[in-house]
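Asker: Next up, input-v1.cif (mmCIF, N, CA and C atoms).
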```
data_protein
#
loop_
_atom_site.label_atom_id
_atom_site.label_comp_id
_atom_site.auth_asym_id
_atom_site.auth_seq_id
_atom_site.Cartn_x
_atom_site.Cartn_y
_atom_site.Cartn_z
N MET A 17 17.16 15.44 33.69
CA MET A 17 16.15 16.14 32.93
C MET A 17 15.42 15.16 32.02
N ARG A 18 14.13 15.32 31.94
CA ARG A 18 13.32 14.47 31.07
C ARG A 18 13.68 14.71 29.61
N GLN A 19 13.56 13.65 28.85
CA GLN A 19 13.78 13.72 27.41
C GLN A 19 12.56 14.35 26.74
N ALA A 20 12.78 15.25 25.78
CA ALA A 20 11.66 15.82 25.02
C ALA A 20 11.11 14.76 24.07
N ILE A 21 9.80 14.76 23.90
CA ILE A 21 9.20 13.79 23.00
C ILE A 21 8.89 14.44 21.66
N ASN A 22 8.81 13.62 20.65
CA ASN A 22 8.44 14.08 19.32
C ASN A 22 6.92 14.20 19.29
N LEU A 23 6.44 15.41 19.10
CA LEU A 23 5.00 15.66 19.13
C LEU A 23 4.26 14.84 18.07
N ASN A 24 4.86 14.66 16.89
CA ASN A 24 4.19 13.89 15.84
C ASN A 24 4.02 12.43 16.23
N GLU A 25 4.98 11.87 16.95
CA GLU A 25 4.83 10.48 17.42
C GLU A 25 3.68 10.39 18.43
N LEU A 26 3.58 11.40 19.27
CA LEU A 26 2.48 11.43 20.24
C LEU A 26 1.13 11.55 19.53
N ILE A 27 1.06 12.41 18.52
CA ILE A 27 -0.18 12.59 17.76
C ILE A 27 -0.58 11.28 17.08
N GLU A 28 0.39 10.61 16.49
CA GLU A 28 0.10 9.35 15.81
C GLU A 28 -0.42 8.30 16.80
N ALA A 29 0.19 8.24 17.99
CA ALA A 29 -0.26 7.29 19.00
C ALA A 29 -1.68 7.63 19.46
N LEU A 30 -1.98 8.91 19.64
CA LEU A 30 -3.34 9.30 20.02
C LEU A 30 -4.34 8.85 18.96
N ASP A 31 -3.94 8.97 17.70
CA ASP A 31 -4.82 8.59 16.61
C ASP A 31 -5.07 7.08 16.58
N LEU A 32 -4.07 6.31 16.97
CA LEU A 32 -4.17 4.85 16.90
C LEU A 32 -4.75 4.22 18.17
N GLN A 33 -4.81 4.99 19.25
CA GLN A 33 -5.27 4.46 20.54
C GLN A 33 -6.68 3.88 20.41
N SER A 34 -6.87 2.70 20.99
CA SER A 34 -8.17 2.04 20.95
C SER A 34 -8.24 1.06 22.12
N GLU A 35 -9.30 0.27 22.14
CA GLU A 35 -9.39 -0.75 23.18
C GLU A 35 -8.40 -1.88 22.92
N PHE A 36 -7.90 -1.95 21.68
CA PHE A 36 -6.97 -3.00 21.29
C PHE A 36 -5.51 -2.58 21.42
N LEU A 37 -5.24 -1.30 21.31
CA LEU A 37 -3.89 -0.77 21.44
C LEU A 37 -3.90 0.36 22.46
N VAL A 38 -3.05 0.24 23.47
CA VAL A 38 -2.97 1.23 24.53
C VAL A 38 -1.54 1.75 24.56
N PHE A 39 -1.39 3.06 24.61
CA PHE A 39 -0.08 3.68 24.53
C PHE A 39 0.29 4.35 25.85
N PHE A 40 1.58 4.31 26.16
CA PHE A 40 2.12 4.91 27.37
C PHE A 40 3.35 5.72 27.01
N LEU A 41 3.53 6.83 27.68
CA LEU A 41 4.72 7.65 27.49
C LEU A 41 5.70 7.34 28.61
N ASP A 42 6.92 6.96 28.24
CA ASP A 42 7.99 6.78 29.21
C ASP A 42 8.55 8.17 29.50
N GLU A 43 8.25 8.69 30.68
CA GLU A 43 8.68 10.04 31.03
C GLU A 43 10.18 10.22 30.99
N LYS A 44 10.89 9.17 31.30
CA LYS A 44 12.35 9.27 31.38
C LYS A 44 13.00 9.35 30.00
N THR A 45 12.54 8.52 29.07
CA THR A 45 13.20 8.44 27.77
C THR A 45 12.45 9.20 26.67
N GLY A 46 11.18 9.53 26.90
CA GLY A 46 10.37 10.17 25.88
C GLY A 46 9.82 9.19 24.87
N GLU A 47 10.06 7.91 25.09
CA GLU A 47 9.60 6.88 24.16
C GLU A 47 8.12 6.58 24.41
N ILE A 48 7.41 6.28 23.34
CA ILE A 48 6.01 5.89 23.45
C ILE A 48 5.95 4.38 23.30
N LEU A 49 5.39 3.73 24.31
CA LEU A 49 5.31 2.27 24.33
C LEU A 49 3.88 1.83 24.05
N THR A 50 3.76 0.69 23.42
CA THR A 50 2.45 0.16 23.05
C THR A 50 2.22 -1.17 23.74
N LEU A 51 1.05 -1.31 24.31
CA LEU A 51 0.60 -2.59 24.83
C LEU A 51 -0.73 -2.91 24.16
N THR A 52 -1.00 -4.18 24.02
CA THR A 52 -2.32 -4.55 23.54
C THR A 52 -3.28 -4.47 24.72
N GLY A 53 -4.55 -4.35 24.41
CA GLY A 53 -5.56 -4.35 25.47
C GLY A 53 -5.47 -5.60 26.32
N GLU A 54 -5.14 -6.71 25.67
CA GLU A 54 -4.99 -7.98 26.37
C GLU A 54 -3.82 -7.94 27.35
N GLU A 55 -2.70 -7.33 26.94
CA GLU A 55 -1.54 -7.23 27.82
C GLU A 55 -1.86 -6.36 29.04
N VAL A 56 -2.60 -5.29 28.82
CA VAL A 56 -2.99 -4.42 29.93
C VAL A 56 -3.89 -5.19 30.90
N ALA A 57 -4.84 -5.93 30.35
CA ALA A 57 -5.78 -6.69 31.19
C ALA A 57 -5.08 -7.78 31.98
N SER A 58 -4.06 -8.39 31.39
CA SER A 58 -3.34 -9.47 32.08
C SER A 58 -2.01 -8.99 32.62
N GLY A 59 -1.93 -7.71 32.94
CA GLY A 59 -0.69 -7.10 33.39
C GLY A 59 -0.01 -7.78 34.56
N LYS A 60 -0.75 -8.41 35.43
CA LYS A 60 -0.13 -9.05 36.59
C LYS A 60 0.67 -10.27 36.21
N SER A 61 0.31 -10.92 35.10
CA SER A 61 1.03 -12.12 34.68
C SER A 61 2.20 -11.80 33.76
N ASP A 62 2.22 -10.63 33.18
CA ASP A 62 3.29 -10.20 32.29
C ASP A 62 4.10 -9.14 33.02
N PRO A 63 5.34 -9.45 33.42
CA PRO A 63 6.14 -8.51 34.22
C PRO A 63 6.38 -7.17 33.53
N VAL A 64 6.62 -7.16 32.24
CA VAL A 64 6.86 -5.90 31.52
C VAL A 64 5.59 -5.06 31.51
N ALA A 65 4.48 -5.66 31.15
CA ALA A 65 3.20 -4.94 31.13
C ALA A 65 2.86 -4.45 32.53
N HIS A 66 3.11 -5.28 33.54
CA HIS A 66 2.84 -4.89 34.92
C HIS A 66 3.65 -3.66 35.31
N GLU A 67 4.91 -3.63 34.95
CA GLU A 67 5.78 -2.48 35.24
C GLU A 67 5.24 -1.22 34.57
N ILE A 68 4.86 -1.33 33.30
CA ILE A 68 4.37 -0.17 32.55
C ILE A 68 3.06 0.35 33.14
N VAL A 69 2.16 -0.56 33.46
CA VAL A 69 0.84 -0.18 33.94
C VAL A 69 0.89 0.39 35.36
N THR A 70 1.80 -0.09 36.20
CA THR A 70 1.79 0.31 37.61
C THR A 70 2.83 1.36 37.98
N SER A 71 3.83 1.57 37.16
CA SER A 71 4.90 2.51 37.50
C SER A 71 4.50 3.95 37.21
N ASP A 72 4.96 4.86 38.05
CA ASP A 72 4.73 6.29 37.82
C ASP A 72 5.55 6.81 36.65
N ARG A 73 6.51 6.03 36.21
CA ARG A 73 7.38 6.44 35.10
C ARG A 73 6.62 6.47 33.77
N TYR A 74 5.59 5.66 33.64
CA TYR A 74 4.86 5.54 32.39
C TYR A 74 3.48 6.20 32.52
N ILE A 75 3.21 7.14 31.63
CA ILE A 75 1.94 7.87 31.67
C ILE A 75 1.04 7.34 30.56
N PRO A 76 -0.14 6.86 30.91
CA PRO A 76 -1.05 6.41 29.85
C PRO A 76 -1.51 7.61 29.01
N LEU A 77 -1.53 7.42 27.72
CA LEU A 77 -2.01 8.49 26.84
C LEU A 77 -3.52 8.61 27.00
N PRO A 78 -4.04 9.79 26.79
CA PRO A 78 -5.48 9.99 27.01
C PRO A 78 -6.34 9.16 26.06
N THR A 79 -7.44 8.71 26.61
CA THR A 79 -8.40 7.93 25.83
C THR A 79 -9.69 8.70 25.64
N ASP A 80 -9.65 9.99 26.00
CA ASP A 80 -10.87 10.79 25.97
C ASP A 80 -11.08 11.56 24.67
N LEU A 81 -10.49 11.06 23.59
CA LEU A 81 -10.68 11.73 22.31
C LEU A 81 -12.12 11.52 21.85
N ASP A 82 -12.78 12.57 21.55
CA ASP A 82 -14.17 12.50 21.11
C ASP A 82 -14.20 12.55 19.59
N LYS A 83 -13.83 11.43 18.96
CA LYS A 83 -13.78 11.41 17.50
C LYS A 83 -15.16 11.62 16.90
N LYS A 84 -16.18 11.10 17.55
CA LYS A 84 -17.54 11.31 17.05
C LYS A 84 -17.85 12.81 17.06
N GLY A 85 -17.51 13.48 18.14
CA GLY A 85 -17.73 14.92 18.23
C GLY A 85 -16.95 15.69 17.16
N MET A 86 -15.72 15.23 16.89
CA MET A 86 -14.91 15.87 15.86
C MET A 86 -15.55 15.71 14.49
N MET A 87 -16.04 14.50 14.21
CA MET A 87 -16.69 14.25 12.93
C MET A 87 -17.95 15.10 12.78
N MET A 88 -18.73 15.19 13.85
CA MET A 88 -19.95 15.98 13.81
C MET A 88 -19.63 17.47 13.62
N GLU A 89 -18.61 17.94 14.31
CA GLU A 89 -18.21 19.35 14.18
C GLU A 89 -17.79 19.65 12.74
N PHE A 90 -16.97 18.77 12.18
CA PHE A 90 -16.52 18.98 10.80
C PHE A 90 -17.70 18.96 9.83
N ALA A 91 -18.56 17.96 9.97
CA ALA A 91 -19.70 17.83 9.06
C ALA A 91 -20.60 19.06 9.13
N SER A 92 -20.72 19.64 10.31
CA SER A 92 -21.58 20.82 10.45
C SER A 92 -21.04 22.02 9.68
N LYS A 93 -19.76 21.99 9.35
CA LYS A 93 -19.15 23.09 8.60
C LYS A 93 -19.28 22.90 7.09
N VAL A 94 -19.69 21.71 6.69
CA VAL A 94 -19.88 21.43 5.26
C VAL A 94 -21.25 21.97 4.86
N GLU A 95 -21.28 22.82 3.86
CA GLU A 95 -22.53 23.48 3.48
C GLU A 95 -23.52 22.57 2.76
N ASP A 96 -23.04 21.62 2.00
CA ASP A 96 -23.90 20.74 1.22
C ASP A 96 -24.55 19.71 2.14
N GLU A 97 -25.88 19.75 2.22
CA GLU A 97 -26.60 18.87 3.14
C GLU A 97 -26.48 17.39 2.77
N GLU A 98 -26.40 17.08 1.49
CA GLU A 98 -26.23 15.68 1.06
C GLU A 98 -24.88 15.14 1.50
N ILE A 99 -23.86 15.96 1.39
CA ILE A 99 -22.52 15.54 1.84
C ILE A 99 -22.53 15.36 3.35
N GLN A 100 -23.16 16.29 4.06
CA GLN A 100 -23.28 16.16 5.52
C GLN A 100 -23.92 14.83 5.88
N LYS A 101 -25.02 14.53 5.20
CA LYS A 101 -25.76 13.29 5.46
C LYS A 101 -24.87 12.07 5.24
N ASP A 102 -24.14 12.05 4.12
CA ASP A 102 -23.24 10.93 3.83
C ASP A 102 -22.13 10.82 4.86
N LEU A 103 -21.58 11.95 5.27
CA LEU A 103 -20.50 11.94 6.26
C LEU A 103 -20.98 11.35 7.59
N LEU A 104 -22.18 11.70 7.98
CA LEU A 104 -22.68 11.31 9.29
C LEU A 104 -23.43 9.98 9.31
N GLN A 105 -23.61 9.38 8.14
CA GLN A 105 -24.32 8.09 8.08
C GLN A 105 -23.55 7.05 8.89
N GLY A 106 -24.23 6.42 9.82
CA GLY A 106 -23.62 5.37 10.63
C GLY A 106 -22.61 5.87 11.64
N ILE A 107 -22.71 7.13 12.04
CA ILE A 107 -21.71 7.71 12.94
C ILE A 107 -21.69 7.03 14.32
N ASP A 108 -22.79 6.39 14.68
CA ASP A 108 -22.85 5.70 15.97
C ASP A 108 -22.43 4.23 15.88
N ASP A 109 -22.16 3.77 14.68
CA ASP A 109 -21.82 2.36 14.47
C ASP A 109 -20.31 2.13 14.58
N GLU A 110 -19.95 0.88 14.79
CA GLU A 110 -18.54 0.51 14.80
C GLU A 110 -17.93 0.80 13.43
N GLY A 111 -16.73 1.30 13.41
CA GLY A 111 -16.05 1.62 12.16
C GLY A 111 -16.46 2.95 11.56
N ALA A 112 -17.14 3.78 12.35
CA ALA A 112 -17.64 5.06 11.85
C ALA A 112 -16.51 5.97 11.37
N PHE A 113 -15.41 5.98 12.09
CA PHE A 113 -14.30 6.88 11.73
C PHE A 113 -13.74 6.52 10.36
N SER A 114 -13.58 5.24 10.10
CA SER A 114 -13.07 4.80 8.79
C SER A 114 -14.06 5.15 7.69
N ARG A 115 -15.34 4.91 7.94
CA ARG A 115 -16.36 5.25 6.94
C ARG A 115 -16.39 6.74 6.68
N PHE A 116 -16.22 7.52 7.73
CA PHE A 116 -16.20 8.97 7.60
C PHE A 116 -15.05 9.39 6.69
N ASN A 117 -13.87 8.80 6.90
CA ASN A 117 -12.71 9.11 6.06
C ASN A 117 -12.99 8.77 4.60
N VAL A 118 -13.61 7.63 4.36
CA VAL A 118 -13.94 7.22 2.99
C VAL A 118 -14.94 8.20 2.37
N ALA A 119 -15.96 8.58 3.13
CA ALA A 119 -16.96 9.52 2.63
C ALA A 119 -16.32 10.88 2.34
N ALA A 120 -15.42 11.31 3.19
CA ALA A 120 -14.72 12.59 2.96
C ALA A 120 -13.92 12.52 1.66
N HIS A 121 -13.30 11.38 1.43
CA HIS A 121 -12.54 11.19 0.19
C HIS A 121 -13.48 11.19 -1.03
N MET A 122 -14.55 10.44 -0.94
CA MET A 122 -15.50 10.34 -2.05
C MET A 122 -16.09 11.70 -2.43
N HIS A 123 -16.35 12.52 -1.43
CA HIS A 123 -16.96 13.83 -1.67
C HIS A 123 -15.91 14.94 -1.84
N GLN A 124 -14.67 14.52 -1.91
CA GLN A 124 -13.55 15.45 -2.15
C GLN A 124 -13.48 16.56 -1.11
N VAL A 125 -13.75 16.21 0.15
CA VAL A 125 -13.58 17.18 1.24
C VAL A 125 -12.46 16.74 2.18
N GLU A 126 -11.73 15.68 1.80
CA GLU A 126 -10.67 15.22 2.69
C GLU A 126 -9.55 16.25 2.80
N GLY A 127 -9.43 17.12 1.78
CA GLY A 127 -8.44 18.20 1.85
C GLY A 127 -8.75 19.18 2.96
N LEU A 128 -9.99 19.20 3.40
CA LEU A 128 -10.40 20.01 4.55
C LEU A 128 -10.43 19.17 5.82
N TRP A 129 -10.87 17.91 5.70
CA TRP A 129 -11.01 17.02 6.85
C TRP A 129 -9.66 16.68 7.49
N LEU A 130 -8.68 16.30 6.69
CA LEU A 130 -7.41 15.87 7.26
C LEU A 130 -6.72 16.97 8.06
N PRO A 131 -6.63 18.20 7.56
CA PRO A 131 -6.04 19.26 8.40
C PRO A 131 -6.88 19.53 9.66
N PHE A 132 -8.20 19.40 9.53
CA PHE A 132 -9.09 19.62 10.68
C PHE A 132 -8.78 18.61 11.78
N ILE A 133 -8.75 17.32 11.42
CA ILE A 133 -8.52 16.29 12.44
C ILE A 133 -7.09 16.33 12.96
N GLN A 134 -6.13 16.66 12.10
CA GLN A 134 -4.74 16.79 12.54
C GLN A 134 -4.62 17.89 13.59
N LYS A 135 -5.30 19.01 13.36
CA LYS A 135 -5.25 20.11 14.33
C LYS A 135 -5.87 19.71 15.65
N LYS A 136 -6.99 19.01 15.59
CA LYS A 136 -7.64 18.57 16.83
C LYS A 136 -6.72 17.62 17.62
N LEU A 137 -6.09 16.68 16.92
CA LEU A 137 -5.20 15.74 17.59
C LEU A 137 -3.96 16.45 18.12
N LYS A 138 -3.44 17.40 17.37
CA LYS A 138 -2.27 18.16 17.82
C LYS A 138 -2.61 18.97 19.07
N ASP A 139 -3.77 19.61 19.07
CA ASP A 139 -4.20 20.38 20.24
C ASP A 139 -4.30 19.48 21.47
N ARG A 140 -4.84 18.26 21.29
CA ARG A 140 -4.97 17.34 22.43
C ARG A 140 -3.61 16.85 22.89
N ALA A 141 -2.69 16.62 21.95
CA ALA A 141 -1.34 16.18 22.30
C ALA A 141 -0.61 17.26 23.10
N ILE A 142 -0.73 18.50 22.67
CA ILE A 142 -0.09 19.61 23.39
C ILE A 142 -0.70 19.77 24.78
N ALA A 143 -2.01 19.65 24.87
CA ALA A 143 -2.67 19.74 26.18
C ALA A 143 -2.18 18.63 27.11
N PHE A 144 -2.02 17.41 26.57
CA PHE A 144 -1.49 16.29 27.35
C PHE A 144 -0.10 16.63 27.88
N CYS A 145 0.75 17.16 27.02
CA CYS A 145 2.11 17.51 27.43
C CYS A 145 2.09 18.56 28.54
N LYS A 146 1.25 19.55 28.39
CA LYS A 146 1.15 20.60 29.41
C LYS A 146 0.61 20.05 30.73
N GLU A 147 -0.38 19.17 30.65
CA GLU A 147 -0.97 18.56 31.85
C GLU A 147 0.07 17.80 32.66
N HIS A 148 1.03 17.19 31.96
CA HIS A 148 2.00 16.32 32.62
C HIS A 148 3.41 16.91 32.67
N GLY A 149 3.55 18.17 32.28
CA GLY A 149 4.86 18.82 32.32
C GLY A 149 5.88 18.14 31.42
N VAL A 150 5.42 17.67 30.28
CA VAL A 150 6.29 16.96 29.34
C VAL A 150 6.78 17.93 28.27
N ARG A 151 8.09 17.96 28.08
CA ARG A 151 8.66 18.79 27.01
C ARG A 151 8.46 18.06 25.69
N TYR A 152 8.25 18.81 24.63
CA TYR A 152 8.06 18.19 23.32
C TYR A 152 8.76 19.00 22.24
N VAL A 153 9.06 18.31 21.16
CA VAL A 153 9.64 18.92 19.98
C VAL A 153 8.58 18.83 18.90
N ASP A 154 8.25 19.96 18.31
CA ASP A 154 7.23 20.01 17.27
C ASP A 154 7.92 20.10 15.92
N ARG A 155 8.06 18.97 15.29
CA ARG A 155 8.67 18.92 13.96
C ARG A 155 7.55 18.88 12.94
N GLU A 156 7.59 19.77 12.01
CA GLU A 156 6.54 19.85 10.98
C GLU A 156 6.79 18.79 9.91
N GLU A 157 6.50 17.55 10.28
CA GLU A 157 6.63 16.44 9.34
C GLU A 157 5.23 16.00 8.95
N GLU A 158 5.09 15.55 7.75
CA GLU A 158 3.78 15.06 7.32
C GLU A 158 3.58 13.67 7.92
N ILE A 159 2.39 13.44 8.41
CA ILE A 159 2.05 12.16 9.01
C ILE A 159 1.03 11.47 8.11
N ASP A 160 1.21 10.19 7.91
CA ASP A 160 0.26 9.41 7.10
C ASP A 160 -0.91 9.06 7.99
N TRP A 161 -2.04 9.72 7.77
CA TRP A 161 -3.20 9.58 8.64
C TRP A 161 -4.16 8.49 8.23
N LEU A 162 -4.08 8.02 7.02
CA LEU A 162 -5.07 7.03 6.59
C LEU A 162 -4.44 5.69 6.37
#
```
Translate this file's structure into structure tokens.

Answerer:
Amino acid sequence: MRQAINLNELIEALDLQSEFLVFFLDEKTGEILTLTGEEVASGKSDPVAHEIVTSDRYIPLPTDLDKKGMMMEFASKVEDEEIQKDLLQGIDDEGAFSRFNVAAHMHQVEGLWLPFIQKKLKDRAIAFCKEHGVRYVDREEEIDWL
């Protein structure tokens, strides 16, 4: 029987996933493994990376998170147009997610933003588990998102 994974660990990995860090779920152990983008690209020369990238045992975590869409959706719910403008400034630029978090903090809406983004990531993590028949344990632990 497959090991159940900790949903919060999966959520955190989804949040950290980028072109520089790529995460895989070990179906057998429930462990989440991290490779750098460089290790994935040079997988044939690195036996461990090659095993992770090519084996059916390891499932790559989804990279289809639409963080820009999430930021736009959240900003659209903010009634103050000036705050909306500040939140969305530079949304197409590199580092937009970090700037958005800073703007949310500055405008004191992070108390709304953090639960919003946590819910979106949790929903995607659960969908991933269902897509792949992965059992998970949902422990209500606070995760450090920033």

Asker: Expand the PyMOL selection byres (((chain A and resi 72-77 and name CA) around 6) and name CA) into the explicit residue set it covers here, and present it as a list in words.

Answerer: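 Taken on the displayed file, the PyMOL selection byres (((chain A and resi 72-77 and name CA) around 6) and name CA) yields the residues Phe39, Phe40, Leu41, Asp42, Glu43, Ile68, Ser71 and Pro78 of chain A.
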
Asker: What would the selection look like, as a compact mmCIF listing (two decimals) with N, CA and C atoms, in the frame of the given file, if the PyMOL selection byres (((chain A and resi 110-121 and name CA) around 12) and name CA) were run on the coordinates I just shared?

Answerer:
```
# COMPACT_ATOMS: atom_id res chain seq x y z
N ASP A 31 -3.94 8.97 17.70
CA ASP A 31 -4.82 8.59 16.61
C ASP A 31 -5.07 7.08 16.58
N LEU A 32 -4.07 6.31 16.97
CA LEU A 32 -4.17 4.85 16.90
C LEU A 32 -4.75 4.22 18.17
N SER A 34 -6.87 2.70 20.99
CA SER A 34 -8.17 2.04 20.95
C SER A 34 -8.24 1.06 22.12
N ASP A 82 -12.78 12.57 21.55
CA ASP A 82 -14.17 12.50 21.11
C ASP A 82 -14.20 12.55 19.59
N LYS A 83 -13.83 11.43 18.96
CA LYS A 83 -13.78 11.41 17.50
C LYS A 83 -15.16 11.62 16.90
N LYS A 84 -16.18 11.10 17.55
CA LYS A 84 -17.54 11.31 17.05
C LYS A 84 -17.85 12.81 17.06
N GLY A 85 -17.51 13.48 18.14
CA GLY A 85 -17.73 14.92 18.23
C GLY A 85 -16.95 15.69 17.16
N MET A 86 -15.72 15.23 16.89
CA MET A 86 -14.91 15.87 15.86
C MET A 86 -15.55 15.71 14.49
N MET A 87 -16.04 14.50 14.21
CA MET A 87 -16.69 14.25 12.93
C MET A 87 -17.95 15.10 12.78
N MET A 88 -18.73 15.19 13.85
CA MET A 88 -19.95 15.98 13.81
C MET A 88 -19.63 17.47 13.62
N PHE A 90 -16.97 18.77 12.18
CA PHE A 90 -16.52 18.98 10.80
C PHE A 90 -17.70 18.96 9.83
N ALA A 91 -18.56 17.96 9.97
CA ALA A 91 -19.70 17.83 9.06
C ALA A 91 -20.60 19.06 9.13
N VAL A 94 -19.69 21.71 6.69
CA VAL A 94 -19.88 21.43 5.26
C VAL A 94 -21.25 21.97 4.86
N GLU A 98 -26.40 17.08 1.49
CA GLU A 98 -26.23 15.68 1.06
C GLU A 98 -24.88 15.14 1.50
N ILE A 99 -23.86 15.96 1.39
CA ILE A 99 -22.52 15.54 1.84
C ILE A 99 -22.53 15.36 3.35
N GLN A 100 -23.16 16.29 4.06
CA GLN A 100 -23.28 16.16 5.52
C GLN A 100 -23.92 14.83 5.88
N LYS A 101 -25.02 14.53 5.20
CA LYS A 101 -25.76 13.29 5.46
C LYS A 101 -24.87 12.07 5.24
N ASP A 102 -24.14 12.05 4.12
CA ASP A 102 -23.24 10.93 3.83
C ASP A 102 -22.13 10.82 4.86
N LEU A 103 -21.58 11.95 5.27
CA LEU A 103 -20.50 11.94 6.26
C LEU A 103 -20.98 11.35 7.59
N LEU A 104 -22.18 11.70 7.98
CA LEU A 104 -22.68 11.31 9.29
C LEU A 104 -23.43 9.98 9.31
N GLN A 105 -23.61 9.38 8.14
CA GLN A 105 -24.32 8.09 8.08
C GLN A 105 -23.55 7.05 8.89
N GLY A 106 -24.23 6.42 9.82
CA GLY A 106 -23.62 5.37 10.63
C GLY A 106 -22.61 5.87 11.64
N ILE A 107 -22.71 7.13 12.04
CA ILE A 107 -21.71 7.71 12.94
C ILE A 107 -21.69 7.03 14.32
N ASP A 108 -22.79 6.39 14.68
CA ASP A 108 -22.85 5.70 15.97
C ASP A 108 -22.43 4.23 15.88
N ASP A 109 -22.16 3.77 14.68
CA ASP A 109 -21.82 2.36 14.47
C ASP A 109 -20.31 2.13 14.58
N MET A 122 -14.55 10.44 -0.94
CA MET A 122 -15.50 10.34 -2.05
C MET A 122 -16.09 11.70 -2.43
N HIS A 123 -16.35 12.52 -1.43
CA HIS A 123 -16.96 13.83 -1.67
C HIS A 123 -15.91 14.94 -1.84
N GLN A 124 -14.67 14.52 -1.91
CA GLN A 124 -13.55 15.45 -2.15
C GLN A 124 -13.48 16.56 -1.11
N VAL A 125 -13.75 16.21 0.15
CA VAL A 125 -13.58 17.18 1.24
C VAL A 125 -12.46 16.74 2.18
N GLU A 126 -11.73 15.68 1.80
CA GLU A 126 -10.67 15.22 2.69
C GLU A 126 -9.55 16.25 2.80
N GLY A 127 -9.43 17.12 1.78
CA GLY A 127 -8.44 18.20 1.85
C GLY A 127 -8.75 19.18 2.96
N LEU A 128 -9.99 19.20 3.40
CA LEU A 128 -10.40 20.01 4.55
C LEU A 128 -10.43 19.17 5.82
N TRP A 129 -10.87 17.91 5.70
CA TRP A 129 -11.01 17.02 6.85
C TRP A 129 -9.66 16.68 7.49
N LEU A 130 -8.68 16.30 6.69
CA LEU A 130 -7.41 15.87 7.26
C LEU A 130 -6.72 16.97 8.06
N PHE A 132 -8.20 19.40 9.53
CA PHE A 132 -9.09 19.62 10.68
C PHE A 132 -8.78 18.61 11.78
N ILE A 133 -8.75 17.32 11.42
CA ILE A 133 -8.52 16.29 12.44
C ILE A 133 -7.09 16.33 12.96
N TRP A 161 -2.04 9.72 7.77
CA TRP A 161 -3.20 9.58 8.64
C TRP A 161 -4.16 8.49 8.23
N LEU A 162 -4.08 8.02 7.02
CA LEU A 162 -5.07 7.03 6.59
C LEU A 162 -4.44 5.69 6.37
```

Asker: Suppose you want the space between atom N of Glu35 (chain A) and atom N of Arg18 (chain A); what is it in Å?

Answerer: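 Distance reported for this atom pair: 29.5 Å.
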
Asker: Calculated over only C-alpha atoms, which of the candidates A:Glu147, A:Glu89, A:Glu95, A:Asp139 has the smallest distance to Asn24 (chain A)?

Answerer: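 Of all the options, A:Asp139 lies closest to Asn24 (chain A).
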
Asker: If you measure from CA of Thr52 (chain A) to CA of Val69 (chain A), what distance in Å do you get, rounded to one decimal?

Answerer: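 Here the two named atoms are 11.7 Å from each other.
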
Asker: Hey, can you pull every residue with an atom no more than 5 Å from (9.6, 13.8, 26.3), using only N, CA and C atoms, and send it as number ranges by chain?

Answerer: A: 19-21, 46, 151

Asker: Limited to N, CA and C atoms, could you put the picked residues into a file as a PDB file, in the coordinates of the input?

Answerer:
```
ATOM      1  N   GLN A  19      13.560  13.650  28.850  1.00  0.00           N
ATOM      2  CA  GLN A  19      13.780  13.720  27.410  1.00  0.00           C
ATOM      3  C   GLN A  19      12.560  14.350  26.740  1.00  0.00           C
ATOM      4  N   ALA A  20      12.780  15.250  25.780  1.00  0.00           N
ATOM      5  CA  ALA A  20      11.660  15.820  25.020  1.00  0.00           C
ATOM      6  C   ALA A  20      11.110  14.760  24.070  1.00  0.00           C
ATOM      7  N   ILE A  21       9.800  14.760  23.900  1.00  0.00           N
ATOM      8  CA  ILE A  21       9.200  13.790  23.000  1.00  0.00           C
ATOM      9  C   ILE A  21       8.890  14.440  21.660  1.00  0.00           C
ATOM     10  N   GLY A  46      11.180   9.530  26.900  1.00  0.00           N
ATOM     11  CA  GLY A  46      10.370  10.170  25.880  1.00  0.00           C
ATOM     12  C   GLY A  46       9.820   9.190  24.870  1.00  0.00           C
ATOM     13  N   ARG A 151       8.090  17.960  28.080  1.00  0.00           N
ATOM     14  CA  ARG A 151       8.660  18.790  27.010  1.00  0.00           C
ATOM     15  C   ARG A 151       8.460  18.060  25.690  1.00  0.00           C
TER      16      ARG A 151
END
```

Asker: Could you give me, as a ChimeraX atom specification, the residues within 5 Å of region 53-58 of chain A, counting only N, CA and C atoms and dropping anything in the same chain fewer than 5 positions from it?

Answerer: /A:35-38

Asker: What are the DSSP alpha helix (DSSP H) residues of region 19-127 of chain A, as a VMD selection string?

Answerer: chain A and resid 23 to 32 53 to 57 63 to 70 83 to 93 97 to 104 112 to 122 126 to 127

Asker: Could you give me, as a VMD selection string, each residue of chain A that DSSP assigns to strand (DSSP E or B) when run on this structure's backbone?

Answerer: chain A and resid 21 to 22 37 to 42 48 to 52 74 to 76 152 to 153

Asker: Could you tell me which residues the PyMOL selection byres ((chain A and resi 154) around 6) returns for this structure, as a short mmCIF file (atom, residue, chain, number, x, y, z; two decimals) with N, CA and C atoms, in the coordinates of the input?

Answerer:
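Written out: result-v7.cif:
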```cif
data_model
loop_
_atom_site.label_atom_id
_atom_site.label_comp_id
_atom_site.auth_asym_id
_atom_site.auth_seq_id
_atom_site.Cartn_x
_atom_site.Cartn_y
_atom_site.Cartn_z
N ASN A 22 8.81 13.62 20.65
CA ASN A 22 8.44 14.08 19.32
C ASN A 22 6.92 14.20 19.29
N LEU A 23 6.44 15.41 19.10
CA LEU A 23 5.00 15.66 19.13
C LEU A 23 4.26 14.84 18.07
N ASN A 24 4.86 14.66 16.89
CA ASN A 24 4.19 13.89 15.84
C ASN A 24 4.02 12.43 16.23
N TYR A 152 8.25 18.81 24.63
CA TYR A 152 8.06 18.19 23.32
C TYR A 152 8.76 19.00 22.24
N VAL A 153 9.06 18.31 21.16
CA VAL A 153 9.64 18.92 19.98
C VAL A 153 8.58 18.83 18.90
N ARG A 155 8.06 18.97 15.29
CA ARG A 155 8.67 18.92 13.96
C ARG A 155 7.55 18.88 12.94
N GLU A 156 7.59 19.77 12.01
CA GLU A 156 6.54 19.85 10.98
C GLU A 156 6.79 18.79 9.91
#
```
